[in-house]
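This report refers to the structure that appears directly beneath it.
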Amino acid sequence: MITDQQIIYDALRIYAKHRQTFCEFVHKEDSESLEGKPFTDIEKADALKIAKQCSRLTDIAAQVLQDQQSPIIIPGK
């Protein structure tokens, strides 16, 4: 049976990947928001900060699962 921790880790891993993709998009030259405006420096900094925070939380969740020796989810994959 898959545990709650495994479900949360998997969801966090996917969310972190989306945040990283968004951060890369925001920092591309000529990228625009849905309103058609260029992203501000604050928006770019926030995107980077959130992507890093999601990555950090994913790493922590992976370590927790590794400590529990999960047979289903292999952290880092």
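By convention here, the chains of the structure tokens are called A, B, ... in the order presented, each chain's residues are numbered starting at 1, and ligands are numbered starting at 1 in the order presented.
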
- Task: Please provide the set of residues having any atom within 12 Å of region 50-54 of chain A, restricted to only C-alpha atoms, with same-chain residues fewer than 5 positions apart removed, written as a list in words.
- Result: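 The residues satisfying every condition are Tyr9, Ala11, Leu12, Arg13, Ile14, Tyr15, Ala16, Lys17, His18, Arg19, Gln20, Thr21, Phe22, Cys23, Glu24, Phe25, Val26, Glu43, Lys44, Ala45, Asp59, Ile60 and Ala61 of chain A.
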
- What is the CA of Ala47 (chain A)-CA of Ile8 (chain A) distance in Å, reported with one decimal? 21.8 Å

- Message: My list of candidates is A:Asp30, A:Asp41, A:Glu35, A:Asp10. Which is closest to Ala62 (chain A) when distances are computed with only C-alpha atoms?
- Response: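 That would be A:Asp10, the residue with the smallest distance to Ala62 (chain A).
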